[in-house]
file final-v9.txt (compact mmCIF, C-alpha atoms)
# COMPACT_ATOMS: atom_id res chain seq x y z
CA MET D 1 -93.80 101.92 20.79
CA LEU D 2 -93.38 105.61 21.54
CA TRP D 3 -97.08 105.98 22.36
CA TYR D 4 -96.98 102.94 24.63
CA LYS D 5 -93.86 104.24 26.38
CA SER D 6 -95.51 107.62 26.99
CA TRP D 7 -98.59 105.88 28.31
CA LEU D 8 -96.52 103.81 30.74
CA GLU D 9 -94.84 106.96 32.03
CA THR D 10 -98.11 108.75 32.79
CA ARG D 11 -100.72 106.03 33.29
CA TRP D 12 -100.92 106.15 37.09
CA ARG D 13 -101.22 109.92 37.21
CA PHE D 14 -103.99 109.68 34.62
CA VAL D 15 -105.88 106.79 36.25
CA ILE D 16 -105.76 108.32 39.73
CA GLY D 17 -106.94 111.66 38.34
CA LEU D 18 -109.81 110.05 36.43
CA VAL D 19 -111.02 108.09 39.47
CA LEU D 20 -110.87 111.13 41.77
CA LEU D 21 -112.66 113.39 39.28
CA MET D 22 -115.40 110.80 38.73
CA PHE D 23 -115.85 110.48 42.48
CA SER D 24 -115.98 114.29 42.77
CA ALA D 25 -118.71 114.45 40.11
CA ALA D 26 -120.77 111.82 41.91
CA SER D 27 -120.39 113.43 45.34
CA THR D 28 -121.36 116.86 43.95
CA VAL D 29 -124.58 115.50 42.48
CA PHE D 30 -125.63 113.32 45.41
CA THR D 31 -125.08 116.04 48.01
CA TYR D 32 -127.47 118.42 46.22
CA PRO D 33 -130.64 117.27 48.08
CA GLU D 34 -128.93 117.94 51.42
CA VAL D 35 -127.72 121.34 50.20
CA ILE D 36 -131.26 122.29 49.22
CA LYS D 37 -132.57 121.27 52.65
CA LEU D 38 -129.88 123.34 54.33
CA ILE D 39 -130.51 126.42 52.18
CA SER D 40 -134.30 126.18 52.60
CA GLY D 41 -133.93 126.55 56.35
CA MET D 42 -131.65 129.55 56.12
CA PRO D 43 -132.91 133.15 56.19
CA ASN D 44 -131.79 135.43 53.40
CA PRO D 45 -128.55 137.08 54.55
CA ASP D 46 -128.59 140.85 54.81
CA LEU D 47 -124.99 141.60 53.87
CA SER D 48 -123.59 144.63 52.13
CA GLY D 49 -120.49 145.18 50.07
CA ALA D 50 -118.66 142.88 47.69
CA LEU D 51 -118.65 139.98 50.17
CA GLY D 52 -122.40 140.25 50.68
CA ARG D 53 -123.03 140.21 46.95
CA ARG D 54 -120.88 137.11 46.52
CA VAL D 55 -122.63 135.26 49.35
CA SER D 56 -126.04 136.17 47.97
CA GLU D 57 -125.03 135.10 44.48
CA THR D 58 -123.70 131.76 45.74
CA LEU D 59 -126.94 131.02 47.59
CA ALA D 60 -129.04 132.04 44.60
CA LEU D 61 -127.03 129.80 42.28
CA ALA D 62 -127.29 126.86 44.67
CA ARG D 63 -131.10 127.01 44.66
CA ASP D 64 -131.08 126.11 40.97
CA TYR D 65 -129.61 122.73 40.05
CA ARG D 66 -127.73 123.93 36.98
CA GLY D 67 -126.40 126.89 38.96
CA TYR D 68 -125.39 124.60 41.82
CA VAL D 69 -123.43 122.24 39.55
CA TRP D 70 -121.66 125.13 37.87
CA SER D 71 -120.84 127.15 40.99
CA GLN D 72 -119.78 124.21 43.17
CA TRP D 73 -118.13 121.92 40.65
CA PHE D 74 -117.24 123.52 37.33
CA ARG D 75 -116.15 126.78 38.95
CA GLN D 76 -114.43 125.30 42.00
CA ASN D 77 -113.78 121.58 42.55
CA LEU D 78 -113.28 120.56 38.93
CA ILE D 79 -110.95 123.46 38.11
CA GLN D 80 -108.78 122.77 41.14
CA MET D 81 -108.57 119.00 40.79
CA TRP D 82 -108.33 118.91 37.01
CA GLY D 83 -105.68 121.64 37.08
CA ILE D 84 -103.52 119.65 39.49
CA PHE D 85 -103.52 116.55 37.30
CA ALA D 86 -103.07 118.57 34.10
CA VAL D 87 -99.87 119.99 35.58
CA LEU D 88 -98.69 116.59 36.83
CA LEU D 89 -99.29 115.04 33.41
CA GLY D 90 -97.30 117.84 31.82
CA THR D 91 -94.20 117.18 33.91
CA GLY D 92 -91.53 114.59 33.24
CA GLY D 93 -90.08 113.63 29.87
CA LEU D 94 -86.61 113.44 28.38
CA VAL D 95 -84.84 115.86 30.72
CA SER D 96 -86.06 114.17 33.90
CA GLN D 97 -85.16 110.79 32.40
CA ALA D 98 -81.63 112.05 31.70
CA SER D 99 -80.87 112.30 35.42
CA GLY D 100 -81.54 108.58 35.75
CA GLY D 101 -80.00 107.51 32.46
CA GLY D 102 -83.33 106.71 30.81
CA ALA D 103 -82.92 109.38 28.17
CA ILE D 104 -80.04 107.47 26.56
CA PHE D 105 -82.36 104.59 25.66
CA THR D 106 -85.11 106.93 24.50
CA LEU D 107 -82.78 108.97 22.29
CA SER D 108 -81.40 105.76 20.76
CA LEU D 109 -84.82 104.93 19.33
CA PRO D 110 -85.28 105.49 15.57
CA ALA D 111 -87.17 108.77 15.98
CA SER D 112 -86.25 112.44 15.98
CA ARG D 113 -86.30 114.54 19.13
CA ASN D 114 -89.28 116.45 17.79
CA ARG D 115 -91.21 113.22 17.33
CA LEU D 116 -90.29 111.99 20.80
CA LEU D 117 -91.46 115.25 22.32
CA GLY D 118 -94.53 115.40 20.09
CA VAL D 119 -95.71 111.95 21.11
CA ARG D 120 -95.18 112.76 24.78
CA ALA D 121 -97.12 116.02 24.44
CA ALA D 122 -99.92 114.40 22.43
CA THR D 123 -100.28 111.61 25.00
CA GLY D 124 -100.62 114.15 27.80
CA LEU D 125 -103.11 116.23 25.82
CA VAL D 126 -105.31 113.20 25.12
CA GLU D 127 -105.21 112.26 28.79
CA ILE D 128 -106.21 115.70 30.05
CA LEU D 129 -108.94 115.80 27.37
CA VAL D 130 -110.38 112.59 28.79
CA LEU D 131 -110.16 114.05 32.30
CA ALA D 132 -112.03 117.15 31.11
CA ILE D 133 -114.81 115.31 29.23
CA VAL D 134 -115.58 112.01 30.97
CA PRO D 135 -116.28 113.23 34.55
CA PRO D 136 -118.63 116.04 33.38
CA LEU D 137 -120.58 113.51 31.31
CA LEU D 138 -121.29 111.59 34.50
CA VAL D 139 -123.25 114.55 35.88
CA PRO D 140 -126.26 114.01 33.52
CA VAL D 141 -126.15 110.29 34.32
CA PHE D 142 -126.07 110.71 38.09
CA SER D 143 -128.60 113.55 38.05
CA THR D 144 -131.44 111.20 37.14
CA ALA D 145 -130.83 109.29 40.38
CA ILE D 146 -131.83 112.34 42.46
CA GLY D 147 -134.73 113.38 40.23
CA GLU D 148 -132.87 116.20 38.47
CA SER D 149 -131.73 116.70 34.89
CA TYR D 150 -128.59 118.18 33.40
CA ALA D 151 -128.03 118.66 29.69
CA VAL D 152 -125.31 116.58 28.06
CA SER D 153 -124.54 119.54 25.81
CA ASP D 154 -123.81 121.73 28.85
CA ALA D 155 -121.47 119.09 30.26
CA LEU D 156 -119.61 118.82 26.94
CA VAL D 157 -119.25 122.59 26.55
CA HIS D 158 -117.93 123.07 30.08
CA GLY D 159 -115.54 120.16 29.60
CA ALA D 160 -114.30 121.62 26.32
CA CYS D 161 -113.75 125.04 27.90
CA MET D 162 -111.85 123.39 30.75
CA PHE D 163 -109.59 121.56 28.31
CA ILE D 164 -108.91 124.39 25.85
CA ALA D 165 -108.20 127.09 28.45
CA GLY D 166 -106.52 124.79 30.96
CA THR D 167 -104.08 123.45 28.39
CA VAL D 168 -102.08 126.61 29.11
CA PHE D 169 -101.07 125.19 32.50
CA PHE D 170 -100.25 121.80 30.99
CA SER D 171 -98.09 123.44 28.33
CA LEU D 172 -96.29 125.63 30.86
CA ALA D 173 -95.45 122.55 32.95
CA PHE D 174 -94.34 120.78 29.77
CA LEU D 175 -92.04 123.68 28.87
CA LEU D 176 -90.52 123.90 32.35
CA SER D 177 -89.88 120.15 32.23
CA THR D 178 -87.45 120.81 29.38
CA VAL D 179 -85.58 123.27 31.61
CA PHE D 180 -85.37 121.47 34.97
CA SER D 181 -84.08 117.95 35.45
CA ASP D 182 -86.57 116.96 38.15
CA VAL D 183 -90.33 116.53 38.13
CA TRP D 184 -91.26 118.63 41.16
CA ARG D 185 -89.81 122.05 40.37
CA PRO D 186 -91.87 122.51 37.18
CA ALA D 187 -95.00 121.38 39.02
CA LEU D 188 -94.40 123.70 41.99
CA ILE D 189 -93.73 126.70 39.73
CA VAL D 190 -96.92 126.13 37.75
CA PHE D 191 -98.93 125.59 40.94
CA CYS D 192 -97.67 128.94 42.23
CA VAL D 193 -98.64 130.60 38.95
CA ALA D 194 -102.08 128.99 39.10
CA VAL D 195 -102.63 130.17 42.69
CA ALA D 196 -101.62 133.71 41.72
CA VAL D 197 -104.01 133.64 38.76
CA GLY D 198 -106.82 132.33 40.94
CA LEU D 199 -106.29 134.95 43.63
CA SER D 200 -106.16 137.77 41.10
CA ASP D 201 -109.42 136.56 39.57
CA LEU D 202 -111.01 136.46 43.02
CA VAL D 203 -109.88 140.00 43.81
CA LEU D 204 -110.97 141.34 40.42
CA ARG D 205 -114.17 139.29 40.17
CA ASP D 206 -116.38 142.38 40.00
CA LEU D 207 -114.53 143.64 36.92
CA PRO D 208 -115.57 142.46 33.41
CA LEU D 209 -112.24 140.79 32.66
CA VAL D 210 -111.44 137.65 30.71
CA SER D 211 -109.26 135.38 32.83
CA VAL D 212 -108.05 131.81 32.46
CA VAL D 213 -110.12 130.81 35.48
CA ARG D 214 -113.34 132.16 33.99
CA LEU D 215 -112.54 130.57 30.65
CA MET D 216 -111.92 127.19 32.27
CA SER D 217 -115.20 127.31 34.20
CA GLY D 218 -117.18 128.29 31.10
CA GLU D 219 -118.65 131.26 32.97
CA ALA D 220 -119.61 133.15 29.82
CA TYR D 221 -121.48 130.12 28.49
CA PHE D 222 -123.26 129.57 31.81
CA ARG D 223 -124.38 133.18 32.15
CA THR D 224 -125.08 134.15 28.53
CA GLY D 225 -125.16 130.91 26.54
CA THR D 226 -122.32 132.08 24.29
CA LEU D 227 -118.76 130.85 24.08
CA PRO D 228 -115.82 133.22 24.69
CA TRP D 229 -114.19 132.50 21.33
CA PRO D 230 -111.47 135.22 21.57
CA GLY D 231 -110.34 133.97 24.97
CA LEU D 232 -110.35 130.33 23.88
CA ALA D 233 -108.43 131.21 20.72
CA ALA D 234 -105.86 133.12 22.78
CA SER D 235 -105.47 130.06 25.02
CA VAL D 236 -104.75 127.89 21.99
CA VAL D 237 -102.14 130.37 20.74
CA VAL D 238 -100.41 130.60 24.13
CA SER D 239 -100.41 126.82 24.59
CA SER D 240 -99.00 126.29 21.09
CA ALA D 241 -96.25 128.83 21.72
CA LEU D 242 -95.27 127.13 24.99
CA LEU D 243 -95.15 123.69 23.35
CA TYR D 244 -93.09 125.08 20.48
CA ALA D 245 -90.64 126.63 22.95
CA ALA D 246 -90.36 123.23 24.63
CA SER D 247 -89.47 121.61 21.30
CA ARG D 248 -86.77 124.20 20.67
CA ASN D 249 -85.31 123.61 24.14
CA ILE D 250 -85.06 119.87 23.50
CA ALA D 251 -83.59 120.39 20.03
CA ARG D 252 -80.75 122.53 21.47
CA ARG D 253 -80.12 120.48 24.60
CA ASP D 254 -76.97 118.38 24.90
CA PHE D 255 -77.79 115.11 26.69
call {"tool": "encode", "arguments": {"input": "final-v9.txt", "output": "structure tokens"}}
result
Amino acid sequence: MLWYKSWLETRWRFVIGLVLLMFSAASTVFTYPEVIKLISGMPNPDLSGALGRRVSETLALARDYRGYVWSQWFRQNLIQMWGIFAVLLGTGGLVSQASGGGAIFTLSLPASRNRLLGVRAATGLVEILVLAIVPPLLVPVFSTAIGESYAVSDALVHGACMFIAGTVFFSLAFLLSTVFSDVWRPALIVFCVAVAVGLSDLVLRDLPLVSVVRLMSGEAYFRTGTLPWPGLAASVVVSSALLYAASRNIARRDF
């Protein structure tokens, strides 16, 4: 019953996110032939400085199908869209229900607060895992329709990196949802944090740093074929700490 209740609370956010991400995967693949035509007719830009290097790198990546998928989808569209729905799926729960009286029914169920919170967290984690794995797996399927190929293993690795590193944002939203009684404040705070992280990564892109954005995009795997195990492990530790803090907040809260 607890699992079903958690599913009912989050199902529309999950379904809408899944449909949009699947559509994004399809549109990314099917626009590749037009991108190639556009790039083929462009002269090589003669730009200097950091901006010139980034433009040249983007064009070079787009000329290769694997590079195009990574640079346009895994590094940009997927991170942004998946991150939004990961945050939205992390919001809500007992505290937001308390403002409408729903928490009284939930707390009356024969389950401890830790179990109630654990089921809600597990439901959200499974949902964002599906959002991180299913849409990338469509890329190899759709690629055959335009005469290209994309490895299923690459799609799975990028999806796994997205999930493991991006769980930090889900967990932060989950923690803030045990502090604020509405759904929107936790989401807005995490969105602001995510924007700040993204901007800092953009400014410091030329430095060999390990950031959440680069972990989520699987940049190390794309460029070197190796996984950033220390960064992924750190993401797991941070996410676990945030979820544990959320459980302590609920345990001490007086409804």
call {"tool": "atom_distance", "arguments": {"input": "final-v9.txt", "atom1": "atom CA of D:Ile36", "atom2": "atom CA of D:Phe222"}}
result
20.5 Å
call {"tool": "residues_around", "arguments": {"input": "final-v9.txt", "residues": "D:Asp201", "least_positions_apart": "6", "cutoff": "9 Å", "atoms": "all atoms listed in the file", "output": "ChimeraX atom specification"}}
result
/D:209,211-214
call {"tool": "closest_residue", "arguments": {"input": "final-v9.txt", "among": "D:Leu242, D:Leu172, D:Leu215, D:Val203", "to": "D:Arg75", "atoms": "all atoms listed in the file"}}
result
D:Leu215
call {"tool": "closest_residue", "arguments": {"input": "final-v9.txt", "among": "D:Ile16, D:Ala233, D:Leu199, D:Leu227", "to": "D:Glu127", "atoms": "all atoms listed in the file"}}
result
D:Ile16
call {"tool": "atom_distance", "arguments": {"input": "final-v9.txt", "atom1": "atom CA of D:Ala194", "atom2": "atom CA of D:Ser27"}}
result
24.8 Å
call {"tool": "closest_residue", "arguments": {"input": "final-v9.txt", "among": "D:Leu125, D:Ser40, D:Ala165, D:Asn114", "to": "D:Gly231", "atoms": "only C-alpha atoms"}}
result
D:Ala165
call {"tool": "closest_residue", "arguments": {"input": "final-v9.txt", "among": "D:Ala151, D:Ala122, D:Leu232, D:Val139", "to": "D:Ser171", "atoms": "all atoms listed in the file"}}
result
D:Ala122
call {"tool": "atom_distance", "arguments": {"input": "final-v9.txt", "atom1": "atom CA of D:Thr10", "atom2": "atom CA of D:Leu188"}}
result
17.9 Å
call {"tool": "residues_around", "arguments": {"input": "final-v9.txt", "residues": "D:Val119", "least_positions_apart": "4", "cutoff": "7 Å", "atoms": "all atoms listed in the file", "output": "NGL selection string"}}
result
:D and (2-3 or 115 or 123)
call {"tool": "write_last_selection", "arguments": {"input": "final-v9.txt", "atoms": "C-alpha atoms", "output": "PDB file, keeping the file's coordinate frame"}}
result
ATOM      1  CA  LEU D   2     -93.380 105.610  21.540  1.00  0.00           C
ATOM      2  CA  TRP D   3     -97.080 105.980  22.360  1.00  0.00           C
ATOM      3  CA  ARG D 115     -91.210 113.220  17.330  1.00  0.00           C
ATOM      4  CA  THR D 123    -100.280 111.610  25.000  1.00  0.00           C
TER       5      THR D 123
END
